[in-house]
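Data file: my_file16.cif. Format and content: mmCIF, C-alpha atoms and all ligand atoms.
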data_structure
#
loop_
_atom_site.label_atom_id
_atom_site.label_comp_id
_atom_site.auth_asym_id
_atom_site.auth_seq_id
_atom_site.Cartn_x
_atom_site.Cartn_y
_atom_site.Cartn_z
CA MET H 1 0.00 0.00 0.00
CA SER H 2 1.14 3.47 -0.83
CA ALA H 3 0.50 5.47 2.31
CA THR H 4 1.63 9.00 1.55
CA TRP H 5 0.89 10.68 -1.75
CA ALA H 6 2.11 14.00 -3.08
CA VAL H 7 0.08 15.97 -5.60
CA ILE H 8 2.17 18.63 -7.33
CA VAL H 9 0.03 21.33 -8.91
CA ALA H 10 1.82 22.80 -11.91
CA ALA H 11 -1.04 23.65 -14.24
CA GLY H 12 -1.02 27.44 -13.86
CA ARG H 13 -0.29 29.70 -16.79
CA GLY H 14 2.33 31.86 -15.13
CA GLU H 15 0.84 35.10 -16.38
CA ARG H 16 2.76 37.29 -13.97
CA LEU H 17 6.00 35.64 -15.02
CA GLY H 18 5.10 36.44 -18.62
CA ASN H 19 7.17 33.75 -20.36
CA ASP H 20 6.23 32.06 -23.65
CA ARG H 21 5.46 28.87 -21.68
CA PRO H 22 3.78 27.89 -18.40
CA LYS H 23 5.66 28.77 -15.21
CA ALA H 24 6.33 25.09 -14.43
CA PHE H 25 8.51 24.98 -17.53
CA ALA H 26 10.41 28.22 -16.97
CA LYS H 27 14.12 27.48 -16.98
CA LEU H 28 15.70 27.28 -13.57
CA GLY H 29 19.39 26.44 -13.54
CA GLY H 30 19.03 24.94 -17.02
CA ARG H 31 16.06 22.69 -16.30
CA PRO H 32 12.30 23.20 -15.93
CA LEU H 33 11.18 24.68 -12.61
CA LEU H 34 8.87 21.71 -12.05
CA ALA H 35 11.87 19.34 -12.01
CA GLU H 36 12.93 20.78 -8.65
CA SER H 37 9.78 19.75 -6.74
CA VAL H 38 9.52 16.41 -8.54
CA GLU H 39 13.10 15.54 -7.65
CA ARG H 40 12.81 16.65 -4.02
CA LEU H 41 9.51 14.85 -3.36
CA ASP H 42 10.81 11.75 -5.12
CA ARG H 43 13.98 11.65 -3.02
CA THR H 44 12.37 11.98 0.39
CA ASP H 45 11.41 8.76 2.17
CA TRP H 46 8.34 10.56 3.56
CA VAL H 47 6.59 10.30 0.18
CA ASP H 48 5.57 7.06 -1.53
CA SER H 49 3.82 8.16 -4.72
CA ILE H 50 3.53 11.35 -6.75
CA VAL H 51 0.85 12.77 -9.05
CA ILE H 52 1.75 15.68 -11.32
CA VAL H 53 -0.97 18.07 -12.44
CA ALA H 54 0.37 19.58 -15.65
CA PRO H 55 -0.78 22.41 -17.88
CA GLU H 56 -3.02 21.05 -20.63
CA GLY H 57 -0.80 19.73 -23.44
CA TRP H 58 2.30 19.57 -21.19
CA GLU H 59 1.70 16.09 -19.77
CA GLU H 60 4.37 14.46 -21.91
CA PRO H 61 7.12 16.98 -21.14
CA SER H 62 6.21 16.52 -17.46
CA ILE H 63 6.75 12.76 -17.69
CA LEU H 64 10.00 13.31 -19.57
CA LEU H 65 11.40 15.69 -16.98
CA SER H 66 10.48 13.18 -14.25
CA GLU H 67 12.54 10.59 -16.13
CA ASP H 68 15.37 13.09 -16.52
CA VAL H 69 15.63 13.47 -12.74
CA SER H 70 15.27 9.68 -12.32
CA ALA H 71 12.05 10.07 -10.35
CA SER H 72 10.61 6.62 -9.67
CA LYS H 73 7.49 7.55 -7.69
CA VAL H 74 5.53 9.48 -10.33
CA VAL H 75 2.51 7.30 -11.01
CA ALA H 76 0.23 9.70 -12.87
CA CYS H 77 0.28 12.97 -14.75
CA VAL H 78 -3.04 14.64 -15.49
CA PRO H 79 -4.08 17.98 -17.01
CA GLY H 80 -5.18 20.69 -14.58
CA GLY H 81 -8.31 22.79 -14.37
CA ALA H 82 -9.19 26.46 -14.63
CA THR H 83 -8.34 27.22 -10.98
CA ARG H 84 -5.80 25.87 -8.54
CA ALA H 85 -8.52 24.11 -6.54
CA GLU H 86 -9.81 22.40 -9.69
CA SER H 87 -6.28 21.30 -10.48
CA VAL H 88 -5.94 19.82 -6.99
CA ARG H 89 -9.21 17.99 -7.53
CA ALA H 90 -7.97 16.58 -10.86
CA GLY H 91 -4.76 15.34 -9.24
CA PHE H 92 -6.48 13.96 -6.18
CA ALA H 93 -8.75 11.87 -8.42
CA GLU H 94 -5.64 9.76 -9.11
CA VAL H 95 -5.07 9.06 -5.41
CA PRO H 96 -6.48 5.65 -4.42
CA GLU H 97 -9.08 5.12 -1.69
CA ASP H 98 -6.61 3.45 0.64
CA ALA H 99 -4.16 6.38 0.72
CA LEU H 100 -3.61 7.67 4.25
CA VAL H 101 -2.04 11.07 3.75
CA VAL H 102 -1.83 13.54 0.88
CA LEU H 103 0.61 16.38 0.50
CA VAL H 104 -0.39 19.12 -1.92
CA HIS H 105 2.50 21.20 -3.22
CA ASP H 106 2.81 24.17 -5.58
CA ALA H 107 5.34 23.55 -8.34
CA ALA H 108 5.85 27.32 -8.11
CA ARG H 109 7.73 26.73 -4.81
CA PRO H 110 10.83 24.93 -6.10
CA PHE H 111 13.05 25.24 -3.03
CA LEU H 112 11.52 22.57 -0.83
CA PRO H 113 13.65 21.49 2.15
CA GLU H 114 13.02 17.96 3.40
CA ASP H 115 12.61 19.11 7.01
CA VAL H 116 9.51 21.10 6.01
CA VAL H 117 7.97 17.88 4.67
CA GLU H 118 8.74 16.21 7.96
CA ARG H 119 7.30 19.10 10.01
CA VAL H 120 4.08 19.28 8.06
CA LEU H 121 3.41 15.54 8.39
CA ALA H 122 3.98 15.40 12.15
CA PRO H 123 0.64 16.95 13.32
CA LEU H 124 -1.34 14.30 11.40
CA GLY H 125 -0.09 11.77 13.90
CA ASP H 126 -1.35 13.96 16.75
CA GLY H 127 -5.00 14.18 15.81
CA TRP H 128 -4.90 17.08 13.36
CA ASP H 129 -6.72 16.86 10.01
CA GLY H 130 -4.21 18.98 8.17
CA ALA H 131 -1.07 21.06 8.50
CA ALA H 132 0.54 23.85 6.53
CA PRO H 133 3.98 25.47 6.66
CA ALA H 134 3.80 29.19 7.39
CA LEU H 135 5.90 32.22 8.31
CA ARG H 136 4.97 34.88 10.81
CA VAL H 137 4.25 38.18 9.12
CA ALA H 138 7.11 40.53 9.98
CA ASP H 139 6.10 43.74 8.22
CA THR H 140 3.47 46.17 9.43
CA LEU H 141 0.20 45.40 7.68
CA LYS H 142 -2.22 47.98 6.33
CA ARG H 143 -5.51 47.75 4.55
CA ALA H 144 -5.83 50.32 1.78
CA ALA H 145 -8.39 51.43 -0.79
CA ASP H 146 -7.80 50.75 -4.50
CA ASP H 147 -6.09 54.14 -4.90
CA GLY H 148 -3.63 53.32 -2.11
CA ALA H 149 -5.29 55.45 0.57
CA VAL H 150 -4.68 53.79 3.93
CA VAL H 151 -7.86 52.64 5.62
CA GLU H 152 -6.35 51.02 8.69
CA THR H 153 -3.34 49.31 10.19
CA VAL H 154 -4.01 45.64 10.76
CA ASP H 155 -2.74 43.99 13.93
CA ARG H 156 -0.18 41.46 12.74
CA ALA H 157 -0.18 39.38 15.93
CA ASN H 158 -1.24 35.84 15.05
CA LEU H 159 -1.00 36.49 11.31
CA TRP H 160 0.97 34.04 9.18
CA ALA H 161 1.81 33.80 5.49
CA VAL H 162 1.04 30.26 4.39
CA GLN H 163 3.13 28.09 2.08
CA THR H 164 3.00 24.55 0.68
CA PRO H 165 3.34 21.57 0.90
CA GLN H 166 0.16 21.23 2.93
CA ALA H 167 -0.55 17.81 4.42
CA PHE H 168 -3.96 16.27 5.02
CA LEU H 169 -5.51 13.02 6.10
CA ALA H 170 -6.61 11.69 2.71
CA PRO H 171 -10.29 11.11 3.65
CA VAL H 172 -10.55 14.66 5.01
CA LEU H 173 -9.18 16.19 1.82
CA ARG H 174 -11.44 13.92 -0.24
CA GLY H 175 -14.45 15.29 1.62
CA ALA H 176 -13.28 18.89 1.26
CA LEU H 177 -12.77 18.52 -2.49
CA SER H 178 -16.16 16.96 -3.03
CA GLY H 179 -17.96 20.18 -2.13
CA GLU H 180 -18.08 23.65 -3.65
CA LEU H 181 -14.53 24.80 -4.52
CA GLU H 182 -15.28 28.46 -5.22
CA ASP H 183 -11.83 29.93 -5.68
CA ALA H 184 -9.99 28.60 -2.67
CA SER H 185 -6.35 29.66 -2.99
CA ASP H 186 -5.22 26.82 -0.77
CA CYS H 187 -6.54 23.43 0.30
CA ALA H 188 -6.38 24.27 3.99
CA LYS H 189 -9.21 26.76 3.44
CA LEU H 190 -11.47 24.03 2.06
CA VAL H 191 -10.65 21.76 4.98
CA GLU H 192 -11.12 24.56 7.56
CA GLU H 193 -14.50 25.45 6.09
CA GLY H 194 -15.56 21.83 6.37
CA GLY H 195 -14.78 21.97 10.08
CA GLY H 196 -11.36 20.30 9.85
CA ARG H 197 -8.59 21.19 12.29
CA VAL H 198 -5.54 22.56 10.52
CA ARG H 199 -2.29 23.34 12.28
CA LEU H 200 0.44 25.70 11.15
CA VAL H 201 4.07 24.62 11.42
CA GLU H 202 7.22 26.62 10.75
CA GLY H 203 7.80 27.11 7.02
CA ASP H 204 10.99 28.22 5.32
CA PRO H 205 11.68 31.61 3.68
CA ARG H 206 13.33 29.82 0.75
CA LEU H 207 10.03 28.12 0.03
CA PHE H 208 8.53 31.36 -1.29
CA LYS H 209 6.37 31.19 -4.41
CA VAL H 210 7.99 32.17 -7.68
CA THR H 211 5.67 34.75 -9.20
CA THR H 212 7.82 37.25 -11.12
CA GLN H 213 11.08 37.19 -13.10
CA ALA H 214 12.86 38.66 -10.07
CA ASP H 215 11.65 35.70 -7.95
CA LEU H 216 12.95 33.31 -10.58
CA ALA H 217 16.38 34.94 -10.56
CA PHE H 218 16.43 34.90 -6.75
CA VAL H 219 15.54 31.23 -6.40
CA GLU H 220 18.13 30.43 -9.06
CA SER H 221 20.79 32.10 -6.93
CA LEU H 222 19.60 30.17 -3.83
CA LEU H 223 19.78 26.86 -5.68
CA ALA H 224 23.24 27.67 -7.03
CA ARG H 225 24.44 28.19 -3.45
CA ALA H 226 22.67 25.14 -2.00
N1 LIG T 1 -2.06 26.15 -10.47
C1 LIG T 1 -2.66 25.04 -11.09
N2 LIG T 1 -3.79 25.22 -11.83
C2 LIG T 1 -4.34 26.43 -11.99
C3 LIG T 1 -3.73 27.57 -11.36
C4 LIG T 1 -2.59 27.39 -10.60
O1 LIG T 1 -2.15 23.92 -10.94
N3 LIG T 1 -5.42 26.56 -12.75
C5 LIG T 1 -0.81 25.95 -9.71
C6 LIG T 1 0.37 26.69 -10.33
O2 LIG T 1 0.95 25.90 -11.36
C7 LIG T 1 1.27 26.92 -9.15
C8 LIG T 1 0.31 27.01 -7.97
O3 LIG T 1 -0.95 26.50 -8.42
O4 LIG T 1 2.19 25.87 -8.94
C9 LIG T 1 0.17 28.43 -7.45
O5 LIG T 1 -0.38 29.25 -8.48
P1 LIG T 1 0.28 30.59 -9.01
O6 LIG T 1 1.53 30.89 -8.31
O7 LIG T 1 -0.79 31.62 -9.09
O8 LIG T 1 0.76 30.17 -10.51
P2 LIG T 1 0.14 30.60 -11.89
O9 LIG T 1 -1.35 30.60 -11.81
O10 LIG T 1 0.80 29.76 -12.92
O11 LIG T 1 0.70 32.09 -12.06
P3 LIG T 1 -0.14 33.40 -12.48
O12 LIG T 1 -1.21 33.54 -11.41
O13 LIG T 1 0.87 34.49 -12.50
O14 LIG T 1 -0.73 33.09 -13.84
MG MG T 2 -2.39 31.97 -10.46
#
Encoded form using structure tokens:
Amino acid sequence: MSATWAVIVAAGRGERLGNDRPKAFAKLGGRPLLAESVERLDRTDWVDSIVIVAPEGWEEPSILLSEDVSASKVVACVPGGATRAESVRAGFAEVPEDALVVLVHDAARPFLPEDVVERVLAPLGDGWDGAAPALRVADTLKRAADDGAVVETVDRANLWAVQTPQAFLAPVLRGALSGELEDASDCAKLVEEGGGRVRLVEGDPRLFKVTTQADLAFVESLLARA
């Protein structure tokens, strides 16, 4: 039995990056950005099987890059949906009924340290339904109108910026994905709204999401040093 599954969502268009291809295939140190998460989740003993959710038409290049990094745990590659949540649902459909735990990870976060995987799995053994890596917000937070006029300063105590991979008991995530997805930007939200208990654990600043060209250059420099 394959106990722990990882679903890598890579089906976004990467509009803010603005390349001629999806973000998952932007070049990072000479190989596609997606290769980084595939390789890291394949190497860790915490993960048994991997599903890749690829941009429509990019399934074959996704399989090829998995072979290039000698990933042996990739068991399925499916096309994504119009939103991240729909892409998660498409990937999760490949996870068998007897799976115990599912990690959902953004391909857009290529620098994934193994200790984050370990930290995010730990609460599931302590009665939590899900867990997500997160960083305390350090900057002062303000709410502003569309024109930039400050409306208020928001108390940042107890506020965290959430990352992936997020870990869930597989039956809990299955239930959360069977309902209305709206436009949930992360899976934890769906689980929380279904009454699930989600715990935050310490994330890693290097696990930031690549959104712009500057982010891509920065993560490239981190990887070169690692
Ligand atoms: N994602 C996905 N399917 C979608 C939208 C997003 O699988 N329909 C994935 C992306 O590939 C990414 C993660 O969800 O790994 C986070 O999304 P984001 O950073 O917004 O990536 P993009 O949607 O590709 O970027 P942009 O919003 O700039 O177009
Ligand atoms: Mg997006």
Nearest to ligand MG 2 (chain T), chosen from H:Ala167, H:Ala85, H:Val120, H:Leu28, with all atoms listed in the file counted in the distances: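 That would be H:Ala85, the residue with the smallest distance to ligand MG 2 (chain T).
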Expected answer as number ranges by chain: residues within 9 Å of ligand MG 2 (chain T), all atoms listed in the file: H: 12-16, 83-84, 185, 211
Any chance you can output those residues with C-alpha atoms as a PDB file, keeping the file's coordinate frame?
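Once everything was written out, this is part-v9.pdb:
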ATOM      1  CA  GLY H  12      -1.020  27.440 -13.860  1.00  0.00           C
ATOM      2  CA  ARG H  13      -0.290  29.700 -16.790  1.00  0.00           C
ATOM      3  CA  GLY H  14       2.330  31.860 -15.130  1.00  0.00           C
ATOM      4  CA  GLU H  15       0.840  35.100 -16.380  1.00  0.00           C
ATOM      5  CA  ARG H  16       2.760  37.290 -13.970  1.00  0.00           C
ATOM      6  CA  THR H  83      -8.340  27.220 -10.980  1.00  0.00           C
ATOM      7  CA  ARG H  84      -5.800  25.870  -8.540  1.00  0.00           C
ATOM      8  CA  SER H 185      -6.350  29.660  -2.990  1.00  0.00           C
ATOM      9  CA  THR H 211       5.670  34.750  -9.200  1.00  0.00           C
TER      10      THR H 211
END
Nearby residues, ligand LIG 1 (chain T), 9 Å, all atoms listed in the file, as a count of residues only: 39
Long-range neighbours of H:Gly195 as a PyMOL selection string, 12 Å cut-off, all atoms listed in the file, 5 positions minimum in chain: chain H and resi 128-130+172-173+175-176+188-190
Spatial neighbours of H:Phe208, max dist 12 Å, only C-alpha atoms, sep filter under 6 positions, as a ChimeraX atom specification: /H:105-113,133-135,161-165,215-216,218-219,222
All residues 12 Å or closer to H:Ala99, all atoms listed in the file, same chain fewer than 6 positions away omitted, as a list in words: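 In the requested form, the answer reads Met1, Ser2, Ala3, Thr4, Trp5, Ala6, Val47, Asp48, Ser49, Ile50, Phe92, Ala93, Phe168, Leu169, Ala170, Pro171, Val172, Leu173 and Arg174 of chain H.
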Would you export the selected residues with C-alpha atoms as a short mmCIF file (atom, residue, chain, number, x, y, z; two decimals), keeping the file's coordinate frame, please?
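Saved the output as selection.cif:
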data_model
loop_
_atom_site.label_atom_id
_atom_site.label_comp_id
_atom_site.auth_asym_id
_atom_site.auth_seq_id
_atom_site.Cartn_x
_atom_site.Cartn_y
_atom_site.Cartn_z
CA MET H 1 0.00 0.00 0.00
CA SER H 2 1.14 3.47 -0.83
CA ALA H 3 0.50 5.47 2.31
CA THR H 4 1.63 9.00 1.55
CA TRP H 5 0.89 10.68 -1.75
CA ALA H 6 2.11 14.00 -3.08
CA VAL H 47 6.59 10.30 0.18
CA ASP H 48 5.57 7.06 -1.53
CA SER H 49 3.82 8.16 -4.72
CA ILE H 50 3.53 11.35 -6.75
CA PHE H 92 -6.48 13.96 -6.18
CA ALA H 93 -8.75 11.87 -8.42
CA PHE H 168 -3.96 16.27 5.02
CA LEU H 169 -5.51 13.02 6.10
CA ALA H 170 -6.61 11.69 2.71
CA PRO H 171 -10.29 11.11 3.65
CA VAL H 172 -10.55 14.66 5.01
CA LEU H 173 -9.18 16.19 1.82
CA ARG H 174 -11.44 13.92 -0.24
#
Shortest interatomic distance to H:Asp115 - which of H:Leu207, H:Val74, H:Val95, H:Ile52, counting all atoms listed in the file: H:Leu207
d(atom CA of H:Leu103, atom CA of H:Val201) in Å: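 Atom-to-atom, atom CA of H:Leu103 to atom CA of H:Val201, that is 14.1 Å.
Distance annotation: of H:Ser178, H:Val117, H:Val78, H:Pro205, the residue with the minimal separation from H:Ala138 is H:Pro205; atom set is only C-alpha atoms.
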Pick from H:Leu223, H:Ala157, H:Val7, H:Leu121 nearest to H:Val75, counting only C-alpha atoms: H:Val7
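Counting from atom CA of H:Gly196, the distance to atom CA of H:Thr44 is 26.9 Å.
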Could you give me the axis-aligned bounding box of stretch 131-137 of chain H, with 6 Å of padding per side, as centre plus edge lengths in Å to one decimal, as AutoDock Vina command-line options?
--center_x 2.4 --center_y 29.6 --center_z 8.7 --size_x 19.0 --size_y 29.1 --size_z 16.3
Distance in Å - atom CA of H:Gly203 versus atom CA of H:Ala217: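 Taking atom CA of H:Gly203 and atom CA of H:Ala217, their separation equals 21.1 Å.
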Residues near H:Asn158, cut-off 9 Å, all atoms listed in the file, skip fewer than 2 positions along chain, as a list in words: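 Non-adjacent residues within range: Arg136, Val137, Asp155, Arg156 and Trp160 of chain H.
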